[in-house]
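**Student:** So that you have it, the file is structure.pdb, and it contains PDB, C-alpha atoms:
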ATOM      1  CA  MET A 632     129.229 -66.483  67.057
ATOM      2  CA  ASN A 633     132.012 -63.985  67.718
ATOM      3  CA  TRP A 634     130.178 -60.666  67.416
ATOM      4  CA  LEU A 635     133.292 -58.500  67.603
ATOM      5  CA  ASP A 636     134.879 -60.437  64.734
ATOM      6  CA  LEU A 637     131.763 -59.788  62.655
ATOM      7  CA  TYR A 638     132.027 -56.100  63.463
ATOM      8  CA  GLU A 639     135.681 -55.972  62.386
ATOM      9  CA  GLN A 640     134.887 -57.813  59.149
ATOM     10  CA  ALA A 641     132.124 -55.337  58.421
ATOM     11  CA  ARG A 642     134.339 -52.340  59.185
ATOM     12  CA  ALA A 643     136.995 -53.635  56.785
ATOM     13  CA  SER A 644     134.536 -54.374  53.986
ATOM     14  CA  ASP A 645     134.264 -52.028  51.014
ATOM     15  CA  GLU A 646     130.881 -53.494  50.061
ATOM     16  CA  ALA A 647     128.245 -51.700  52.091
ATOM     17  CA  ALA A 648     124.890 -50.003  51.741
ATOM     18  CA  ALA A 649     124.838 -46.687  53.550
ATOM     19  CA  GLY A 650     122.025 -44.330  54.363
ATOM     20  CA  TYR A 651     122.264 -41.056  56.267
ATOM     21  CA  TYR A 652     122.705 -42.687  59.661
ATOM     22  CA  ASN A 653     124.063 -46.230  59.275
ATOM     23  CA  ARG A 654     126.351 -48.430  57.209
ATOM     24  CA  ASN A 655     124.984 -51.917  56.498
ATOM     25  CA  VAL A 656     127.297 -54.793  55.575
ATOM     26  CA  ALA A 657     126.301 -58.351  54.704
ATOM     27  CA  VAL A 658     128.707 -60.793  56.376
ATOM     28  CA  ARG A 659     128.696 -64.541  55.761
ATOM     29  CA  THR A 660     128.932 -66.766  58.848
ATOM     30  CA  SER A 661     128.722 -70.496  59.524
ATOM     31  CA  GLU A 662     125.078 -69.911  60.431
ATOM     32  CA  GLY A 663     124.270 -67.970  57.280
ATOM     33  CA  VAL A 664     124.450 -64.351  56.167
ATOM     34  CA  VAL A 665     123.827 -61.566  58.688
ATOM     35  CA  ASN A 666     123.585 -57.804  58.344
ATOM     36  CA  VAL A 667     126.037 -55.820  60.469
ATOM     37  CA  ARG A 668     124.716 -52.311  61.055
ATOM     38  CA  ILE A 669     127.220 -49.644  62.100
ATOM     39  CA  PRO A 670     126.250 -46.020  62.894
ATOM     40  CA  LEU A 671     127.938 -43.287  60.875
ATOM     41  CA  GLU A 672     129.787 -41.225  63.445
ATOM     42  CA  ALA A 673     129.755 -37.953  61.485
ATOM     43  CA  ALA A 674     126.067 -38.075  60.550
ATOM     44  CA  ASP A 675     124.061 -34.899  61.138
ATOM     45  CA  SER A 676     120.978 -35.609  63.247
ATOM     46  CA  MET A 677     118.007 -34.329  61.233
ATOM     47  CA  ASP A 678     115.135 -36.304  62.759
ATOM     48  CA  VAL A 679     113.390 -36.727  66.095
ATOM     49  CA  ARG A 680     115.031 -39.562  68.022
ATOM     50  CA  LEU A 681     112.953 -41.205  70.733
ATOM     51  CA  TRP A 682     114.217 -44.760  71.255
ATOM     52  CA  THR A 683     117.170 -46.962  70.337
ATOM     53  CA  GLU A 684     116.602 -49.173  67.328
ATOM     54  CA  GLN A 685     117.328 -52.336  69.291
ATOM     55  CA  ASP A 686     114.597 -51.433  71.785
ATOM     56  CA  VAL A 687     112.173 -50.808  68.944
ATOM     57  CA  LEU A 688     112.945 -54.143  67.288
ATOM     58  CA  GLY A 689     112.393 -55.918  70.585
ATOM     59  CA  CYS A 690     109.082 -54.118  71.076
ATOM     60  CA  ILE A 691     107.622 -54.825  67.641
ATOM     61  CA  ARG A 692     108.788 -58.417  67.240
ATOM     62  CA  PRO A 693     105.585 -60.056  68.600
ATOM     63  CA  TYR A 694     103.392 -57.783  66.469
ATOM     64  CA  VAL A 695     105.137 -56.947  63.174
ATOM     65  CA  SER A 696     105.464 -59.886  60.828
ATOM     66  CA  ARG A 697     108.193 -58.670  58.470
ATOM     67  CA  ALA A 698     110.924 -56.678  60.209
ATOM     68  CA  PRO A 699     114.577 -57.636  60.771
ATOM     69  CA  GLU A 700     115.304 -59.933  63.687
ATOM     70  CA  LEU A 701     117.834 -58.426  66.081
ATOM     71  CA  ARG A 702     120.606 -60.962  66.728
ATOM     72  CA  HIS A 703     122.973 -58.800  68.778
ATOM     73  CA  ALA A 704     123.515 -55.193  69.888
ATOM     74  CA  SER A 705     126.683 -53.613  71.250
ATOM     75  CA  TRP A 706     127.251 -50.169  72.750
ATOM     76  CA  ASP A 707     131.052 -50.227  72.711
ATOM     77  CA  PRO A 708     131.758 -50.387  69.854
ATOM     78  CA  ARG A 709     128.322 -49.388  68.620
ATOM     79  CA  PHE A 710     126.809 -51.840  66.173
ATOM     80  CA  GLN A 711     123.906 -54.224  65.694
ATOM     81  CA  VAL A 712     123.617 -57.583  63.970
ATOM     82  CA  HIS A 713     120.339 -58.315  62.163
ATOM     83  CA  HIS A 714     119.252 -61.368  60.257
ATOM     84  CA  PHE A 715     119.836 -60.806  56.552
ATOM     85  CA  ILE A 716     116.821 -60.312  54.295
ATOM     86  CA  ASP A 717     117.576 -61.547  50.785
ATOM     87  CA  GLY A 718     115.607 -59.574  48.233
ATOM     88  CA  ARG A 719     115.499 -56.398  46.178
ATOM     89  CA  VAL A 720     115.250 -52.893  47.606
ATOM     90  CA  LEU A 721     111.991 -51.439  46.277
ATOM     91  CA  ASP A 722     113.722 -48.259  45.106
ATOM     92  CA  SER A 723     116.040 -50.272  42.840
ATOM     93  CA  PHE A 724     113.204 -51.280  40.507
ATOM     94  CA  SER A 725     110.400 -48.902  41.500
ATOM     95  CA  PRO A 726     111.943 -45.459  42.120
ATOM     96  CA  ARG A 727     110.213 -42.517  43.728
ATOM     97  CA  GLY A 728     107.181 -41.345  41.765
ATOM     98  CA  SER A 729     106.581 -44.632  39.960
ATOM     99  CA  ALA A 730     103.878 -47.217  40.622
ATOM    100  CA  VAL A 731     104.734 -49.959  43.095
ATOM    101  CA  PRO A 732     103.732 -53.638  42.796
ATOM    102  CA  SER A 733     100.175 -54.031  44.031
ATOM    103  CA  HIS A 734     101.137 -56.246  46.966
ATOM    104  CA  VAL A 735     103.356 -53.487  48.387
ATOM    105  CA  ILE A 736     100.302 -51.340  49.074
ATOM    106  CA  GLY A 737      98.681 -54.115  51.071
ATOM    107  CA  ASP A 738     101.928 -54.811  52.918
ATOM    108  CA  VAL A 739     102.350 -51.129  53.835
ATOM    109  CA  VAL A 740      98.819 -50.840  55.192
ATOM    110  CA  ALA A 741      99.269 -54.135  57.049
ATOM    111  CA  VAL A 742     102.404 -52.954  58.869
ATOM    112  CA  MET A 743     100.693 -49.683  59.806
ATOM    113  CA  ASP A 744      97.790 -51.701  61.198
ATOM    114  CA  GLN A 745     100.115 -54.017  63.124
ATOM    115  CA  LEU A 746     101.876 -51.036  64.687
ATOM    116  CA  VAL A 747      98.741 -49.275  65.939
ATOM    117  CA  ARG A 748      97.748 -52.457  67.788
ATOM    118  CA  ILE A 749     100.866 -52.496  70.005
ATOM    119  CA  PRO A 750      99.771 -51.555  73.555
ATOM    120  CA  GLN A 751     101.516 -48.526  75.035
ATOM    121  CA  GLU A 752     102.769 -50.593  77.957
ATOM    122  CA  LYS A 753     104.680 -52.801  75.491
ATOM    123  CA  ALA A 754     106.440 -49.844  73.858
ATOM    124  CA  PRO A 755     109.819 -48.638  75.131
ATOM    125  CA  ARG A 756     109.830 -46.022  77.880
ATOM    126  CA  LEU A 757     108.861 -42.477  76.905
ATOM    127  CA  PRO A 758     110.521 -39.255  78.094
ATOM    128  CA  ALA A 759     108.614 -37.494  80.860
ATOM    129  CA  ASP A 760     107.889 -34.513  78.615
ATOM    130  CA  TRP A 761     106.563 -36.504  75.642
ATOM    131  CA  PRO A 762     103.007 -35.475  74.626
ATOM    132  CA  ASP A 763     100.218 -37.611  76.066
ATOM    133  CA  SER A 764      98.359 -39.978  73.781
ATOM    134  CA  GLY A 765      95.819 -37.994  71.771
ATOM    135  CA  ASP A 766      97.683 -34.690  72.111
ATOM    136  CA  VAL A 767      98.306 -34.468  68.390
ATOM    137  CA  GLY A 768      98.939 -30.716  68.557
ATOM    138  CA  GLY A 769     101.726 -31.293  71.048
ATOM    139  CA  PHE A 770     103.100 -34.055  68.860
ATOM    140  CA  GLY A 771     103.068 -31.831  65.775
ATOM    141  CA  ARG A 772     104.837 -29.056  67.653
ATOM    142  CA  ARG A 773     107.474 -31.569  68.767
ATOM    143  CA  LEU A 774     108.173 -32.381  65.113
ATOM    144  CA  ALA A 775     108.247 -28.695  64.199
ATOM    145  CA  LYS A 776     110.622 -27.891  67.054
ATOM    146  CA  LEU A 777     113.212 -30.352  65.752
ATOM    147  CA  THR A 778     112.889 -28.961  62.222
ATOM    148  CA  GLN A 779     113.500 -25.445  63.563
ATOM    149  CA  GLN A 780     116.518 -26.739  65.493
ATOM    150  CA  VAL A 781     117.972 -28.175  62.273
ATOM    151  CA  TYR A 782     117.558 -24.780  60.638
ATOM    152  CA  ASP A 783     119.135 -22.992  63.615
ATOM    153  CA  ALA A 784     122.079 -25.413  63.746
ATOM    154  CA  HIS A 785     123.007 -24.564  60.149
ATOM    155  CA  ARG A 786     121.807 -20.957  60.095
ATOM    156  CA  GLU A 787     125.286 -19.424  60.197
ATOM    157  CA  ALA A 788     126.977 -21.784  57.735
ATOM    158  CA  CYS A 789     124.093 -21.698  55.260
ATOM    159  CA  ALA A 790     122.803 -18.157  55.793
ATOM    160  CA  ASP A 791     123.352 -17.001  52.191
ATOM    161  CA  ILE A 792     121.921 -20.226  50.790
ATOM    162  CA  PHE A 793     118.792 -20.097  52.948
ATOM    163  CA  GLU A 794     118.241 -16.470  51.991
ATOM    164  CA  ASP A 795     118.626 -17.061  48.265
ATOM    165  CA  PHE A 796     116.323 -20.080  48.411
ATOM    166  CA  GLY A 797     113.710 -17.990  50.236
ATOM    167  CA  ILE A 798     113.745 -20.087  53.418
ATOM    168  CA  PRO A 799     112.734 -17.698  56.235
ATOM    169  CA  ALA A 800     114.288 -17.616  59.702
ATOM    170  CA  GLU A 801     111.150 -19.195  61.181
ATOM    171  CA  PRO A 802     110.173 -21.529  58.350
ATOM    172  CA  LEU A 803     107.354 -23.226  60.262
ATOM    173  CA  ALA A 804     105.731 -20.103  61.716
ATOM    174  CA  VAL A 805     102.977 -20.274  59.097
ATOM    175  CA  LEU A 806     101.981 -23.711  60.415
ATOM    176  CA  GLU A 807     102.118 -22.882  64.136
ATOM    177  CA  PRO A 808      98.456 -21.781  64.537
ATOM    178  CA  LEU A 809      97.221 -24.931  62.778
ATOM    179  CA  TRP A 810      98.504 -27.595  65.173
ATOM    180  CA  ASP A 811      95.717 -26.985  67.697
ATOM    181  CA  GLY A 812      93.120 -27.699  65.013
ATOM    182  CA  LEU A 813      94.196 -31.311  64.522
ATOM    183  CA  THR A 814      91.729 -34.056  65.435
ATOM    184  CA  SER A 815      92.682 -36.089  68.484
ATOM    185  CA  ARG A 816      93.766 -39.653  67.687
ATOM    186  CA  PRO A 817      95.210 -42.254  70.081
ATOM    187  CA  PHE A 818      98.976 -42.534  69.728
ATOM    188  CA  ALA A 819     100.711 -45.621  68.403
ATOM    189  CA  VAL A 820     104.169 -46.922  67.579
ATOM    190  CA  LEU A 821     105.181 -45.411  64.231
ATOM    191  CA  HIS A 822     107.973 -46.449  61.892
ATOM    192  CA  SER A 823     108.157 -42.805  60.715
ATOM    193  CA  ASP A 824     110.368 -43.541  57.699
ATOM    194  CA  LEU A 825     108.441 -45.889  55.414
ATOM    195  CA  HIS A 826     109.936 -45.194  51.992
ATOM    196  CA  ARG A 827     111.227 -47.183  49.036
ATOM    197  CA  LYS A 828     114.819 -47.545  50.256
ATOM    198  CA  ASN A 829     113.574 -48.999  53.532
ATOM    199  CA  MET A 830     111.561 -51.772  51.895
ATOM    200  CA  ILE A 831     112.890 -55.068  50.568
ATOM    201  CA  VAL A 832     110.716 -57.188  48.299
ATOM    202  CA  SER A 833     111.332 -60.914  48.558
ATOM    203  CA  GLY A 834     109.107 -63.680  47.252
ATOM    204  CA  GLY A 835     106.207 -61.329  46.662
ATOM    205  CA  LEU A 836     106.338 -59.964  50.223
ATOM    206  CA  THR A 837     107.617 -56.648  51.581
ATOM    207  CA  TRP A 838     110.007 -56.407  54.522
ATOM    208  CA  PHE A 839     110.449 -53.140  56.408
ATOM    209  CA  LEU A 840     113.904 -51.954  57.489
ATOM    210  CA  ASP A 841     115.534 -49.094  59.411
ATOM    211  CA  TRP A 842     113.512 -48.637  62.598
ATOM    212  CA  GLU A 843     115.828 -46.105  64.261
ATOM    213  CA  LEU A 844     113.391 -43.202  63.740
ATOM    214  CA  ALA A 845     110.390 -44.965  65.280
ATOM    215  CA  LEU A 846     108.137 -42.726  67.384
ATOM    216  CA  TRP A 847     105.131 -42.833  69.668
ATOM    217  CA  GLY A 848     102.640 -40.502  68.041
ATOM    218  CA  ASP A 849      99.728 -39.755  65.737
ATOM    219  CA  PRO A 850      99.069 -42.609  63.256
ATOM    220  CA  LEU A 851      98.173 -40.022  60.620
ATOM    221  CA  TYR A 852     101.757 -38.748  60.706
ATOM    222  CA  GLU A 853     102.894 -42.199  59.588
ATOM    223  CA  LEU A 854     100.708 -41.871  56.523
ATOM    224  CA  GLY A 855     101.805 -38.275  55.875
ATOM    225  CA  VAL A 856     105.528 -38.958  55.945
ATOM    226  CA  HIS A 857     104.946 -42.096  53.855
ATOM    227  CA  PHE A 858     103.061 -40.168  51.170
ATOM    228  CA  HIS A 859     105.693 -37.430  51.167
ATOM    229  CA  LYS A 860     108.602 -39.819  50.663
ATOM    230  CA  MET A 861     106.923 -42.305  48.304
ATOM    231  CA  ASP A 862     105.442 -39.770  45.868
ATOM    232  CA  TYR A 863     102.917 -42.303  44.577
ATOM    233  CA  PRO A 864     101.070 -41.866  41.301
ATOM    234  CA  ALA A 865      97.652 -40.374  42.093
ATOM    235  CA  ASP A 866      95.694 -43.603  41.694
ATOM    236  CA  GLN A 867      97.949 -45.570  44.048
ATOM    237  CA  ARG A 868      97.968 -42.766  46.601
ATOM    238  CA  SER A 869      94.170 -42.890  46.628
ATOM    239  CA  GLU A 870      94.236 -46.664  47.006
ATOM    240  CA  VAL A 871      96.618 -46.497  49.971
ATOM    241  CA  LEU A 872      94.414 -43.881  51.645
ATOM    242  CA  ARG A 873      91.264 -45.931  51.046
ATOM    243  CA  ARG A 874      92.767 -49.168  52.340
ATOM    244  CA  TRP A 875      94.288 -47.354  55.314
ATOM    245  CA  ARG A 876      90.910 -45.926  56.323
ATOM    246  CA  GLU A 877      89.216 -49.295  55.851
ATOM    247  CA  GLY A 878      91.908 -51.435  57.466
ATOM    248  CA  LEU A 879      92.959 -49.559  60.612
ATOM    249  CA  PRO A 880      90.824 -48.945  63.703
ATOM    250  CA  GLU A 881      88.427 -46.038  63.187
ATOM    251  CA  ALA A 882      89.924 -44.082  66.092
ATOM    252  CA  SER A 883      93.321 -44.126  64.324
ATOM    253  CA  THR A 884      91.990 -42.768  61.029
ATOM    254  CA  THR A 885      89.420 -40.201  62.119
ATOM    255  CA  GLY A 886      89.793 -36.581  61.016
ATOM    256  CA  PRO A 887      89.400 -34.353  57.946
ATOM    257  CA  PRO A 888      91.767 -34.191  54.939
ATOM    258  CA  ALA A 889      93.213 -30.958  56.364
ATOM    259  CA  ASP A 890      94.929 -32.979  59.114
ATOM    260  CA  LEU A 891      96.888 -34.967  56.549
ATOM    261  CA  ASP A 892      97.625 -31.792  54.583
ATOM    262  CA  LEU A 893      99.219 -30.211  57.671
ATOM    263  CA  TYR A 894     101.622 -33.102  58.165
ATOM    264  CA  LEU A 895     102.472 -33.025  54.465
ATOM    265  CA  ALA A 896     103.157 -29.287  54.707
ATOM    266  CA  HIS A 897     105.535 -29.900  57.605
ATOM    267  CA  GLU A 898     107.377 -32.591  55.652
ATOM    268  CA  ARG A 899     107.778 -30.295  52.636
ATOM    269  CA  VAL A 900     109.290 -27.552  54.791
ATOM    270  CA  LYS A 901     111.496 -30.053  56.592
ATOM    271  CA  SER A 902     112.749 -31.501  53.282
ATOM    272  CA  ALA A 903     113.574 -28.064  51.928
ATOM    273  CA  ILE A 904     115.772 -27.361  54.968
ATOM    274  CA  VAL A 905     117.281 -30.793  55.567
ATOM    275  CA  ASP A 906     118.050 -31.511  51.934
ATOM    276  CA  THR A 907     119.546 -28.067  51.370
ATOM    277  CA  VAL A 908     122.074 -28.992  54.051
ATOM    278  CA  ARG A 909     122.561 -32.607  52.980
ATOM    279  CA  TYR A 910     122.743 -32.057  49.244
ATOM    280  CA  SER A 911     125.140 -29.134  49.523
ATOM    281  CA  LYS A 912     127.537 -31.484  51.329
ATOM    282  CA  GLN A 913     126.982 -34.289  48.839
ATOM    283  CA  LEU A 914     127.819 -31.956  45.959
ATOM    284  CA  VAL A 915     131.403 -31.647  47.188
ATOM    285  CA  GLY A 916     133.409 -33.904  44.884
ATOM    286  CA  ALA A 917     130.335 -35.090  42.957
ATOM    287  CA  ASP A 918     130.552 -35.794  39.234
ATOM    288  CA  ARG A 919     128.453 -33.961  36.636
ATOM    289  CA  PHE A 920     125.665 -36.550  36.629
ATOM    290  CA  MET A 921     125.319 -36.473  40.419
ATOM    291  CA  ARG A 922     125.459 -32.653  40.513
ATOM    292  CA  ASP A 923     122.600 -32.421  38.012
ATOM    293  CA  TYR A 924     120.611 -35.061  39.856
ATOM    294  CA  LEU A 925     120.977 -33.419  43.268
ATOM    295  CA  THR A 926     120.356 -29.852  42.104
ATOM    296  CA  ASP A 927     117.281 -30.872  40.115
ATOM    297  CA  ARG A 928     115.896 -32.819  43.056
ATOM    298  CA  LEU A 929     116.555 -29.964  45.474
ATOM    299  CA  ALA A 930     114.842 -27.491  43.138
ATOM    300  CA  ARG A 931     111.711 -29.655  43.225
ATOM    301  CA  LYS A 932     111.789 -29.900  47.023
ATOM    302  CA  LEU A 933     112.183 -26.141  47.371
ATOM    303  CA  ASN A 934     109.344 -25.510  44.941
ATOM    304  CA  ALA A 935     107.077 -27.740  47.018
ATOM    305  CA  ALA A 936     107.747 -25.594  50.105
ATOM    306  CA  ARG A 937     108.074 -22.062  48.710
ATOM    307  CA  PRO A 938     104.323 -21.311  48.296
ATOM    308  CA  MET A 939     103.913 -21.684  52.069
ATOM    309  CA  TRP A 940     106.291 -18.725  52.470
ATOM    310  CA  GLY A 941     104.478 -16.628  49.868
ATOM    311  CA  ALA A 942     107.129 -17.278  47.204
ATOM    312  CA  ALA A 943     106.643 -18.553  43.683
ATOM    313  CA  PRO A 944     107.718 -22.163  42.955
ATOM    314  CA  ASP A 945     110.228 -20.930  40.405
ATOM    315  CA  MET A 946     113.481 -22.547  41.527
ATOM    316  CA  THR A 947     115.392 -24.212  38.697
ATOM    317  CA  ARG A 948     118.301 -26.616  38.640
ATOM    318  CA  GLY A 949     120.498 -23.859  37.279
ATOM    319  CA  ARG A 950     119.583 -21.410  40.008
ATOM    320  CA  VAL A 951     120.164 -24.001  42.723
ATOM    321  CA  ALA A 952     123.542 -24.885  41.227
ATOM    322  CA  GLN A 953     124.514 -21.208  41.006
ATOM    323  CA  THR A 954     123.587 -20.582  44.644
ATOM    324  CA  LEU A 955     125.453 -23.620  45.934
ATOM    325  CA  ALA A 956     128.566 -23.222  43.752
ATOM    326  CA  PRO A 957     130.470 -20.803  46.072
ATOM    327  CA  TRP A 958     129.685 -22.937  49.134
ATOM    328  CA  VAL A 959     130.799 -26.135  47.397
ATOM    329  CA  GLU A 960     133.970 -24.441  46.189
ATOM    330  CA  ARG A 961     134.842 -23.342  49.732
ATOM    331  CA  GLN A 962     134.284 -26.848  51.097
ATOM    332  CA  SER A 963     136.365 -28.387  48.291
ATOM    333  CA  TRP A 964     139.347 -26.108  48.936
ATOM    334  CA  THR A 965     142.087 -27.397  51.227
ATOM    335  CA  PRO A 966     145.072 -25.213  52.298
TER     336      PRO A 966
END
Rewrite the structure of this file - the entire thing - as C-alpha cells.
**Tutor:**
Amino acid sequence: MNWLDLYEQARASDEAAAGYYNRNVAVRTSEGVVNVRIPLEAADSMDVRLWTEQDVLGCIRPYVSRAPELRHASWDPRFQVHHFIDGRVLDSFSPRGSAVPSHVIGDVVAVMDQLVRIPQEKAPRLPADWPDSGDVGGFGRRLAKLTQQVYDAHREACADIFEDFGIPAEPLAVLEPLWDGLTSRPFAVLHSDLHRKNMIVSGGLTWFLDWELALWGDPLYELGVHFHKMDYPADQRSEVLRRWREGLPEASTTGPPADLDLYLAHERVKSAIVDTVRYSKQLVGADRFMRDYLTDRLARKLNAARPMWGAAPDMTRGRVAQTLAPWVERQSWTP
C-alpha cells in the first residue's frame, strides 16, 4: 500500500470528519476502506499531551478490545492510517444529555476496566517530572496548570470577554487547596476523552476513537471527564457509577464522592475557559442557527462554572452574544 498516495488522496478530499485536533478521511483501497488521520496545523492546544497517539495505540492493542488498529504512522508529513470502523457515531443519534443504548454503558465500563489493567511497564515512557503513581494531588495540579496556561495564553486577546463573563485571572485558585485531600489511587492508562463523538456503535458494540489525549493518571479522572462530557440523564449516570465501582479493581475506585466532585469542578472551569476561546472563533462567519447554538451552549458552560467564583449562574444566550459581538466583528474584518 502506498501510504503517501493515501495521504494525498485524503488531503484532496472534501469529505472529512474534523474535530479540534485532527481531520479524518475515509479512503477506499484495494484492501478495503481505511481512515487517514491528519493533524490540523492551526489547532490551539487546550489539553495535556503526554504521548503520541501511535504509541498509545500500540500500547493498548493487547488489552483494549475495540480501538482502531494502527496501520501506518508518518512524521513527515504527519499523518496516521487506521483501520476503518463502519458504524454510527453515538452523538449522531444520542446527543449530549440524552440516554444512550444500554450496551454503551457496559462497553464504557469495560474499556475503563481494560485500561486500568495495563501494567505501567507496558505504557509509553513518561516524562521525568510526571507525578508518581498514587500522587493524585500532583496529577490534579498538573491538569490545573495546563488549564491556567490556556487562560494565560489568551488573556490579552480575550481580556474583555473573560472579565464580562466573570472568569477571574486565577480561575482555579479556589480548587488549589483541595488537591491534597484526594484519596490515593494507583495510576493507569486513561483515554481522557470518552465522549459521544469519540464512540462508534456498530453491530451492537461500541468502538472507542481518538486516543491522542491519553494520560497516565488517576482512574477517577477518567470517570469525571466522561461524566462531564456525556451529561447523562441522572439514572444512567448512577448506573455507570455503580457498574464502575463494581467492575474495576477496588484500589482504582476507592475514595469519597468529593474526589469525583473535584475533578468535575475542574472540568467545568476548564470548559468555561476553553470553550470561550473556541466558540468565539467558531462564531466568525457562522450562520444564525450556529450562532444561537454556540452562544446558548457557552452560556450553559459558564453557568456551570460561575458559582465556584462566587457569581450567580445568570448568563444568557443574549448576554453571551452581546459580549462576543465586538470580538467577532473585529475578527471578521479584513483591510
**Student:** So which residues get picked by the PyMOL selection byres ((chain A and resi 780) around 12) here, written as a list in words?
**Tutor:**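 Selected by the PyMOL selection byres ((chain A and resi 780) around 12) here: Asp675, Ser676, Met677, Asp678, Val679, Arg773, Leu774, Ala775, Lys776, Leu777, Thr778, Gln779, Val781, Tyr782, Asp783, Ala784, His785, Arg786, Ala800, Glu801, Pro802, Leu803, Lys901, Ile904 and Val905 of chain A.
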**Student:** From the list A:Arg950, A:His713, A:Arg919, A:His826, which residue is nearest Val731 of chain A when using all atoms listed in the file?
**Tutor:**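 Using all atoms listed in the file, Val731 of chain A sits closest to A:His826.
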**Student:** Hey, what's within 9 Å of segment 958-961 of chain A if we count only C-alpha atoms and toss same-chain stuff fewer than 4 positions away? As JSON, numbers by chain, please?
**Tutor:** {"A": [789, 792, 911, 912, 914, 915, 916, 954, 965]}
**Student:** Expand the PyMOL selection byres ((chain A and resi 857-860) around 12) into the individual residues it matches in the shown file, reporting them as a PyMOL selection string.
**Tutor:** chain A and resi 722+726-729+736+739-740+743+821-830+850-856+861-865+867-872+875+891-902+932+935
**Student:** At a cut-off of 9 Å, using only C-alpha atoms, what residues contact segment 832-835 of chain A? Leave out same-chain residues fewer than 6 positions from it and give the result as a ChimeraX atom specification.
**Tutor:** /A:716-721,732,734-735
**Student:** Would you output that residue set with C-alpha atoms, as a PDB file, in the frame of the given file?
**Tutor:**
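Saved as result.pdb:
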ATOM      1  CA  ILE A 716     116.821 -60.312  54.295  1.00  0.00           C
ATOM      2  CA  ASP A 717     117.576 -61.547  50.785  1.00  0.00           C
ATOM      3  CA  GLY A 718     115.607 -59.574  48.233  1.00  0.00           C
ATOM      4  CA  ARG A 719     115.499 -56.398  46.178  1.00  0.00           C
ATOM      5  CA  VAL A 720     115.250 -52.893  47.606  1.00  0.00           C
ATOM      6  CA  LEU A 721     111.991 -51.439  46.277  1.00  0.00           C
ATOM      7  CA  PRO A 732     103.732 -53.638  42.796  1.00  0.00           C
ATOM      8  CA  HIS A 734     101.137 -56.246  46.966  1.00  0.00           C
ATOM      9  CA  VAL A 735     103.356 -53.487  48.387  1.00  0.00           C
TER      10      VAL A 735
END
**Student:** Let me know the residues the PyMOL selection byres ((chain A and resi 703) around 8) catches in the file above, as a list in words.
**Tutor:** Trp634, Leu701, Arg702, Ala704, Ser705, Gln711, Val712 and His713 of chain A
**Student:** Selected residues, C-alpha atoms, written as a CSV table (one decimal), keeping the file's coordinate frame, please.
**Tutor:**
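Contents of the output file again_4.csv:
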chain,number,residue,atom,x,y,z
A,634,TRP,CA,130.2,-60.7,67.4
A,701,LEU,CA,117.8,-58.4,66.1
A,702,ARG,CA,120.6,-61.0,66.7
A,704,ALA,CA,123.5,-55.2,69.9
A,705,SER,CA,126.7,-53.6,71.2
A,711,GLN,CA,123.9,-54.2,65.7
A,712,VAL,CA,123.6,-57.6,64.0
A,713,HIS,CA,120.3,-58.3,62.2
**Student:** Asn633 of chain A: which residues within 12 Å, counting only C-alpha atoms, same-chain residues fewer than 3 positions away excluded, as a PyMOL selection string?
**Tutor:** chain A and resi 636-640+660-662+702-703+712
**Student:** Which value, in Å to one decimal, gives the distance between atom CA of Asp866 of chain A and atom CA of Ala741 of chain A?
**Tutor:**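 These two atoms are separated by 19.0 Å.
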**Student:** When you draw a straight line from atom CA of Ile669 of chain A to atom CA of Trp847 of chain A, how long is it in Å?
**Tutor:**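 Distance reported for this atom pair: 24.3 Å.
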**Student:** Select, from A:Pro762, A:Arg697, A:Arg909, A:Ala917, the residue with the minimum atom-to-atom distance to Gly650 of chain A, counting only C-alpha atoms.
**Tutor:**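 Using only C-alpha atoms, the shortest distance to Gly650 of chain A belongs to A:Arg909.
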**Student:** Find, counting all atoms listed in the file, the residue in A:Thr683, A:Ser644, A:Asn666, A:Thr907 that gets nearest to Leu929 of chain A.
**Tutor:**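 Counting all atoms listed in the file, the residue closest to Leu929 of chain A is A:Thr907.
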**Student:** Between A:Asp744, A:Asp841, A:Asp763, A:Glu752, which is the closest to Pro670 of chain A once you count only C-alpha atoms?
**Tutor:**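 The closest residue to Pro670 of chain A is A:Asp841.
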**Student:** Near Ile749 of chain A, within 9 Å and counting only C-alpha atoms, which residues show up once chain neighbours fewer than 3 positions away are dropped, as number ranges by chain?
**Tutor:** A: 690-691, 694, 745-746, 752-754, 819-820
**Student:** To one decimal in Å, tell me the separation between atom CA of Val656 of chain A and atom CA of Ala641 of chain A.
**Tutor:**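 Result for atom CA of Val656 of chain A versus atom CA of Ala641 of chain A: 5.6 Å, one decimal.
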**Student:** Closest to Gly848 of chain A among A:Phe770, A:Phe793, A:Tyr910, A:Phe920, using all atoms listed in the file?
**Tutor:**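 Checking each of A:Phe770, A:Phe793, A:Tyr910, A:Phe920 against Gly848 of chain A, counting all atoms listed in the file, the winner is A:Phe770.
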**Student:** Pick the closest to Asp686 of chain A from A:Gln953, A:Leu757, A:Arg816, A:Arg922: which is it, counting all atoms listed in the file?
**Tutor:**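 Distance minimum relative to Asp686 of chain A lands on A:Leu757.
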**Student:** Box for segment 674-686 of chain A - axis-aligned, 5 Å on each of the six sides, all listed atoms - centre and size in Å to one decimal, as JSON.
**Tutor:**
{"center_x": 119.5, "center_y": -43.3, "center_z": 66.2, "size_x": 23.1, "size_y": 28.0, "size_z": 21.2}
